[in-house]
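For reference, the structure is listed below as structure tokens.
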Amino acid sequence: MTMADFDPDSVEIPCGHFIGGKLVREDGPTISVRRPSDNRIYAELPIGDAAVVDHAVQNAGKAQETSGWATQPPRERARAMKRWADLIDAEVESLGRLEALGSTRPIMQAIAVDVASTAEGLRFFAEYADKLGGEVAATRSDNLGLVVSEPYGVVGAITPWNFPLSMASWKAGPALAAGNAIVIKPSEMTPFSTVRFAQLAIEAGIPAGIVNVVQGTGAVTGDALVRHPLIGKISFTGSTRTGAAIMAASAASGVKPVTLELGGKSPQLVFADAQSLAKTAERAAASILGNAGQVCVAGSRLIVQRQARDEMIERLLDLFAAPRPGPTWSSATTFSPIISTPQADRIDDIVRRSMASGASALTGGRRLSAIQDGAFYEPTILSDVSVETPAVREEIFGPVLTVQSFEDEEEGLALADHPDYGLAAGVHTADINKALRAVRRLKAGTVWVNRYGRTLDFILPTGGYKRSGVGKDLGRQAVEANLRHKSVLIDFAA
Ligand code: ADP
């Protein structure tokens with residue numbers, strides 16, 4: 001045991017909704033919550049119905065209007081958000097345990113990455129609070145035209161299960177910096193770290209009612225949140241199918257603006273002149289094995305120039321043998337469980353259908369023999385695939401990499417393009433001109449050159465082209481999406 005190992009039965013669970021600064025739990029229907037690492041039920045989550053959602057949103061609306069959150073000097077808002085970040089840092093271990101227990105995040109990563117970047121993301125957004133001035137418009141000289149930025153009031157956020165804390169901070173940070181209150185509905189599979197996150201906001205001095213959490217399923221609680229008339233804007237991260245349903249529900253319930261960060265099938269385009277195939281292979285492996293591929297920007301399609309193919313595959317086979325699967329509460333674990341048994345079955349189904357259509361597994365291709373009944377999937381590389389292969393076409397959200405090869409730049413770029421998705425792409429080449437040509441051509445919201453994956457550069461917005469989404473998380477764009485603009489024209493002619 002190292003310091004980071006923990007007993008999963010010893011973690012305190014804040015089980016309930018968090019409304020108006022209080023943990024709320026009423027009698028009513030519940031849903032069982034399982035630990036992905038061993039499939040054990042560890043809590044019964046209340047399912048918030050339309051009345052619970054109404055209570056949370058009304059309360060948030062009142063707090064946003066009366067608590068001074070939006071009207072105080074904006075630097076005060078920034079200061080409170082930074083105190084919040086400090087409290088999160090101070091609780092890194094217990095918050096890390098809560099995150100690791102219920103999600104797929106191994107404890108070492110939960111501590112070093114998830115909790116740390118959650119706090120840092122809030123600090124990044126806090127700094128926008130007093131930098132959101134509007135514009136003076138060009139009008140005739142005896143008129144003054146102003147474009148004034150205003151918060152929506154209450155923002156609704158719906159988050160997925162893969163990075164519960166980070167996703168909550170990506171939504172709450174820009175919403176709060178802009179002066180809104182927020183009601184977050186976390187995934188019913190990973191509901192609890194978001195409650196602690198919200199409790200810490202209030203402990204940091206953010207007024208009660210500004211950060212709220214409603215628990216429950218997407219169909220009941222999420223849908224009620226999207227449709228609530230007081231919600232000014234919706235921010236969602238999750239699957240393309242659910243994103244489309246949310247867009248339709250927002251349209252039907254008041255034409256609310258939506259930010260949707262959706263699925264991906266991101267290519268890693270590797271040219272034979274990449275500066276180091278060793279490093280490129282490491283990046284490619286990390287991008288699909290991190291969180292066992294349960295990452296929206298996972299680099300799931302390796303597209304490698306013919307001359308570099310054999311070396312890349314040889315290196316990848318070594319790297320794919322290295323991850324250590326295990327329960328998220330062990331500090332030795334480097335490879336995540338799959339969030340649920342049905343999700344592991346889904347991964348396996350796509351792999352099976354791909355093999356039936358001619359793909360072959362260079363490694364993996366099966367469920368990993370059960371570790372304490374958790375659902376794990378073998379790190380998998382599929383070759384002999386084409387654009388028609390299910391594993392190339394469909395988002396898998398598992399540790400499955402497909403390999404395609406190409407002769408020349410044109411063919412590589414054509415293969416990189418996906419008919420539906422455009423979330424992210426990687427390009428690996430030492431030729432700057434070739435890299436820049438690829439950057440121009442790739443239809444993706446993020447392009448990484450000679451690296452892959454996010455850094456703490458929150459200034460870079462993230463979001464998709466095509467069916468990978470609408471609008472952006474992170475960056476100035478995320479803050480602006482949490483504001484609406486009022487035009488003011490003042491006539492002061494004599
Ligand atoms: P997954 O299928 O991988 O769980 P989803 O996109 O369905 O991904 O889920 C992401 C989030 O969206 C979760 O919090 C889920 O509860 C919520 N959700 C699912 N369906 C709906 C819906 N119809 N309306 C609102 N939220 C939903």
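Ordered as shown in the structure tokens, chains take letters A, B, and onward, while each chain numbers its residues from 1 and ligands are numbered from 1 in the order shown.
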*Excluding Ile338 in chain A and any residue of its chain fewer than 5 positions from it, enumerate the residues within 7 Å of it, using only C-alpha atoms, and give them as a list of chain:residue names.*
A:Pro36, A:Thr104, A:Ala292, A:Gln343, A:Ala344, A:Ala375, A:Phe376, A:Tyr377
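For range 467-475 of chain A, the list of residues within 6 Å, based on only C-alpha atoms and with local chain neighbours fewer than 6 positions off taken out, reads Thr259, Leu260, Glu261, Leu262, Gly263, Gly264, Asp420, Tyr421, Gly422, Leu423, Phe458, Ile459, Leu460 and Pro461 of chain A.
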Can you write just those residues out, N, CA and C atoms, as a compact mmCIF listing (two decimals), in the first residue's frame?
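Saved as out_22.txt:
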# COMPACT_ATOMS: atom_id res chain seq x y z
N THR A 259 -24.73 24.62 -26.06
CA THR A 259 -23.34 24.27 -26.39
C THR A 259 -23.27 22.76 -26.26
N LEU A 260 -22.85 22.09 -27.33
CA LEU A 260 -22.85 20.62 -27.33
C LEU A 260 -21.45 20.12 -27.69
N GLU A 261 -20.84 19.42 -26.76
CA GLU A 261 -19.54 18.79 -27.06
C GLU A 261 -19.80 17.30 -27.17
N LEU A 262 -19.69 16.76 -28.39
CA LEU A 262 -20.23 15.43 -28.66
C LEU A 262 -19.14 14.42 -29.03
N GLY A 263 -19.54 13.41 -29.75
CA GLY A 263 -18.64 12.28 -30.01
C GLY A 263 -17.51 12.60 -30.97
N GLY A 264 -16.59 11.67 -31.06
CA GLY A 264 -15.46 11.84 -31.98
C GLY A 264 -14.96 10.51 -32.50
N ASP A 420 -18.78 11.75 -40.38
CA ASP A 420 -19.66 12.31 -39.34
C ASP A 420 -18.95 13.18 -38.31
N TYR A 421 -17.78 12.74 -37.89
CA TYR A 421 -17.14 13.37 -36.74
C TYR A 421 -16.00 14.30 -37.12
N GLY A 422 -15.76 15.30 -36.28
CA GLY A 422 -14.63 16.22 -36.48
C GLY A 422 -14.25 16.89 -35.18
N LEU A 423 -13.93 16.07 -34.18
CA LEU A 423 -13.62 16.65 -32.87
C LEU A 423 -12.16 17.06 -32.77
N PHE A 458 -5.99 26.25 -20.99
CA PHE A 458 -7.45 26.37 -21.07
C PHE A 458 -7.89 27.46 -22.04
N ILE A 459 -6.96 28.29 -22.44
CA ILE A 459 -7.27 29.37 -23.38
C ILE A 459 -7.67 28.80 -24.76
N LEU A 460 -7.26 27.55 -25.03
CA LEU A 460 -7.62 26.95 -26.32
C LEU A 460 -9.01 26.34 -26.22
N PRO A 461 -9.97 26.84 -26.98
CA PRO A 461 -11.32 26.29 -26.87
C PRO A 461 -11.38 24.87 -27.44
*Which residues form the shell of 8 Å around ligand 1 when you count only C-alpha atoms and all ligand atoms, given as JSON, numbers by chain?*
{"A": [158, 159, 160, 161, 185, 186, 187, 188, 189, 216, 217, 218, 219, 220, 221, 222, 223, 224, 225, 226, 236, 237, 238, 239, 240, 241, 242, 243, 245, 246, 249, 262]}
_Every residue of range 187-434 of chain A that DSSP places in strand (DSSP E), as a ChimeraX atom specification_ = /A:211-213,231-237,258-261,267-270,301-305,360-363,380-383,400-406,421-422,424-428
Keeping N, CA and C atoms for every residue in the selection just given, could you write it to a file as a tab-separated table (two decimals), in the first residue's frame?
chain	number	residue	atom	x	y	z
A	211	VAL	N	-24.45	27.47	-7.16
A	211	VAL	CA	-24.00	26.20	-7.75
A	211	VAL	C	-24.88	25.08	-7.18
A	212	ASN	N	-25.61	24.40	-8.04
A	212	ASN	CA	-26.57	23.38	-7.62
A	212	ASN	C	-26.36	22.11	-8.43
A	213	VAL	N	-26.78	21.01	-7.83
A	213	VAL	CA	-26.67	19.72	-8.52
A	213	VAL	C	-28.01	19.00	-8.41
A	231	ILE	N	-34.43	28.20	-17.51
A	231	ILE	CA	-33.06	27.93	-17.96
A	231	ILE	C	-32.76	28.80	-19.18
A	232	GLY	N	-31.67	29.56	-19.10
A	232	GLY	CA	-31.35	30.47	-20.20
A	232	GLY	C	-30.48	29.87	-21.27
A	233	LYS	N	-29.71	28.85	-20.89
A	233	LYS	CA	-28.77	28.26	-21.83
A	233	LYS	C	-28.40	26.87	-21.33
A	234	ILE	N	-28.12	25.98	-22.27
A	234	ILE	CA	-27.78	24.60	-21.92
A	234	ILE	C	-26.37	24.30	-22.40
A	235	SER	N	-25.60	23.67	-21.53
A	235	SER	CA	-24.28	23.22	-21.92
A	235	SER	C	-24.20	21.72	-21.67
A	236	PHE	N	-23.82	20.96	-22.68
A	236	PHE	CA	-23.87	19.50	-22.60
A	236	PHE	C	-22.60	18.89	-23.15
A	237	THR	N	-22.13	17.85	-22.50
A	237	THR	CA	-21.06	17.02	-23.08
A	237	THR	C	-21.53	15.59	-23.02
A	258	VAL	N	-27.68	26.29	-27.11
A	258	VAL	CA	-27.02	25.10	-26.60
A	258	VAL	C	-25.54	25.10	-26.97
A	259	THR	N	-24.73	24.62	-26.06
A	259	THR	CA	-23.34	24.27	-26.39
A	259	THR	C	-23.27	22.76	-26.26
A	260	LEU	N	-22.85	22.09	-27.33
A	260	LEU	CA	-22.85	20.62	-27.33
A	260	LEU	C	-21.45	20.12	-27.69
A	261	GLU	N	-20.84	19.42	-26.76
A	261	GLU	CA	-19.54	18.79	-27.06
A	261	GLU	C	-19.80	17.30	-27.17
A	267	PRO	N	-8.56	11.06	-35.89
A	267	PRO	CA	-7.42	10.41	-36.55
A	267	PRO	C	-6.08	10.89	-35.99
A	268	GLN	N	-5.12	9.99	-36.04
A	268	GLN	CA	-3.72	10.34	-35.79
A	268	GLN	C	-3.02	10.07	-37.10
A	269	LEU	N	-2.61	11.14	-37.78
A	269	LEU	CA	-2.00	11.01	-39.10
A	269	LEU	C	-0.48	11.02	-38.92
A	270	VAL	N	0.14	9.87	-39.19
A	270	VAL	CA	1.59	9.75	-38.95
A	270	VAL	C	2.32	9.62	-40.28
A	301	ARG	N	-8.13	6.41	-34.48
A	301	ARG	CA	-7.79	5.90	-35.82
A	301	ARG	C	-6.36	6.28	-36.15
A	302	LEU	N	-5.47	5.28	-36.18
A	302	LEU	CA	-4.09	5.54	-36.59
A	302	LEU	C	-4.02	5.42	-38.11
A	303	ILE	N	-3.52	6.49	-38.74
A	303	ILE	CA	-3.42	6.50	-40.19
A	303	ILE	C	-1.95	6.76	-40.49
A	304	VAL	N	-1.25	5.72	-40.88
A	304	VAL	CA	0.22	5.79	-40.90
A	304	VAL	C	0.74	5.56	-42.32
A	305	GLN	N	1.77	6.33	-42.68
A	305	GLN	CA	2.34	6.19	-44.01
A	305	GLN	C	3.03	4.82	-44.12
A	360	SER	N	-8.63	-7.83	-38.50
A	360	SER	CA	-7.94	-8.77	-37.62
A	360	SER	C	-7.32	-8.05	-36.44
A	361	ALA	N	-7.30	-8.72	-35.29
A	361	ALA	CA	-6.76	-8.11	-34.08
A	361	ALA	C	-5.27	-8.42	-33.99
A	362	LEU	N	-4.43	-7.38	-34.00
A	362	LEU	CA	-2.99	-7.59	-33.83
A	362	LEU	C	-2.67	-7.85	-32.36
A	363	THR	N	-3.51	-7.28	-31.50
A	363	THR	CA	-3.46	-7.63	-30.07
A	363	THR	C	-4.84	-7.33	-29.50
A	380	THR	N	-6.49	-2.97	-27.59
A	380	THR	CA	-6.75	-3.68	-28.84
A	380	THR	C	-6.27	-2.88	-30.05
A	381	ILE	N	-5.62	-3.58	-30.97
A	381	ILE	CA	-5.25	-2.95	-32.25
A	381	ILE	C	-5.89	-3.76	-33.37
A	382	LEU	N	-6.67	-3.10	-34.21
A	382	LEU	CA	-7.32	-3.79	-35.33
A	382	LEU	C	-6.70	-3.33	-36.64
A	383	SER	N	-6.26	-4.30	-37.46
A	383	SER	CA	-5.79	-3.94	-38.80
A	383	SER	C	-6.71	-4.59	-39.83
A	400	VAL	N	-9.58	0.76	-28.21
A	400	VAL	CA	-9.49	0.07	-29.49
A	400	VAL	C	-8.96	1.03	-30.56
A	401	LEU	N	-7.79	0.69	-31.09
A	401	LEU	CA	-7.15	1.51	-32.12
A	401	LEU	C	-7.24	0.78	-33.45
A	402	THR	N	-7.68	1.48	-34.48
A	402	THR	CA	-7.65	0.87	-35.82
A	402	THR	C	-6.44	1.43	-36.56
A	403	VAL	N	-5.87	0.61	-37.46
A	403	VAL	CA	-4.69	1.05	-38.21
A	403	VAL	C	-4.99	0.97	-39.70
A	404	GLN	N	-4.82	2.12	-40.36
A	404	GLN	CA	-4.92	2.16	-41.82
A	404	GLN	C	-3.63	2.77	-42.34
A	405	SER	N	-3.23	2.40	-43.55
A	405	SER	CA	-2.00	3.02	-44.06
A	405	SER	C	-2.26	3.70	-45.40
A	406	PHE	N	-1.33	4.60	-45.74
A	406	PHE	CA	-1.49	5.39	-46.97
A	406	PHE	C	-0.15	5.57	-47.66
A	421	TYR	N	-17.78	12.74	-37.89
A	421	TYR	CA	-17.14	13.37	-36.74
A	421	TYR	C	-16.00	14.30	-37.12
A	422	GLY	N	-15.76	15.30	-36.28
A	422	GLY	CA	-14.63	16.22	-36.48
A	422	GLY	C	-14.25	16.89	-35.18
A	424	ALA	N	-11.25	16.13	-33.06
A	424	ALA	CA	-9.82	16.43	-32.93
A	424	ALA	C	-9.06	15.61	-33.96
A	425	ALA	N	-7.79	15.97	-34.16
A	425	ALA	CA	-6.92	15.22	-35.07
A	425	ALA	C	-5.49	15.47	-34.65
A	426	GLY	N	-4.63	14.49	-34.93
A	426	GLY	CA	-3.20	14.65	-34.68
A	426	GLY	C	-2.44	14.52	-35.99
A	427	VAL	N	-1.39	15.31	-36.15
A	427	VAL	CA	-0.53	15.20	-37.33
A	427	VAL	C	0.90	15.08	-36.83
A	428	HIS	N	1.62	14.10	-37.35
A	428	HIS	CA	2.99	13.90	-36.90
A	428	HIS	C	3.91	13.91	-38.12
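Nearest to His228 in chain A of all the residues A:Ser103, A:Ser340, A:Ser37, A:Gln58 is A:Gln58, based on only C-alpha atoms.
When only C-alpha atoms are used to compute distances to Gly358 in chain A, the closest of the residues A:Ala285, A:Ala391, A:Ser330, A:Gln199 turns out to be A:Ala391.
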What are the nearest atom pairs, with distances in Å to one decimal, for all residues of range 407-493 of chain A that come at most 9 Å from range 164-177 of chain A, using only C-alpha atoms, set out by chain and rising residue number as CSV?
residue,atom,partner,partner_atom,distance
A:Asp473,CA,A:Trp170,CA,6.6
A:Leu474,CA,A:Trp170,CA,6.4
A:Gly475,CA,A:Pro174,CA,8.9
A:Arg476,CA,A:Pro174,CA,8.6
A:Ala478,CA,A:Pro174,CA,6.0
A:Val479,CA,A:Pro174,CA,4.6
A:Glu480,CA,A:Pro174,CA,8.1
A:Ala481,CA,A:Pro174,CA,8.3
A:Asn482,CA,A:Ala175,CA,5.4
A:Leu483,CA,A:Ala175,CA,8.2
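Among the candidate residues A:Gly412, A:Gly374, A:Pro325, A:Gly68, the one lying nearest to Leu442 in chain A is A:Gly412, with distances computed using only C-alpha atoms.
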What are the closest atom pairs, with distances in Å to one decimal, for each residue of range 79-183 of chain A lying within 12 Å of range 16-22 of chain A, using only C-alpha atoms, rows by chain and rising residue number, as a tab-separated table?
residue	atom	partner	partner_atom	distance
A:Ala181	CA	A:Gly20	CA	10.8
A:Ile182	CA	A:Ile19	CA	10.5
A:Val183	CA	A:Ile19	CA	8.6
Could those residues be written to a file, using N, CA, C and O atoms, as a short mmCIF file (atom, residue, chain, number, x, y, z; two decimals), in the first residue's frame?
data_model
loop_
_atom_site.label_atom_id
_atom_site.label_comp_id
_atom_site.auth_asym_id
_atom_site.auth_seq_id
_atom_site.Cartn_x
_atom_site.Cartn_y
_atom_site.Cartn_z
N ALA A 181 -25.95 31.71 -12.38
CA ALA A 181 -26.02 30.56 -11.48
C ALA A 181 -26.04 29.32 -12.36
O ALA A 181 -26.32 29.42 -13.57
N ILE A 182 -25.76 28.17 -11.78
CA ILE A 182 -25.74 26.94 -12.59
C ILE A 182 -26.45 25.80 -11.86
O ILE A 182 -26.40 25.72 -10.63
N VAL A 183 -27.14 24.98 -12.64
CA VAL A 183 -27.68 23.72 -12.13
C VAL A 183 -27.06 22.62 -12.97
O VAL A 183 -27.24 22.58 -14.20
#
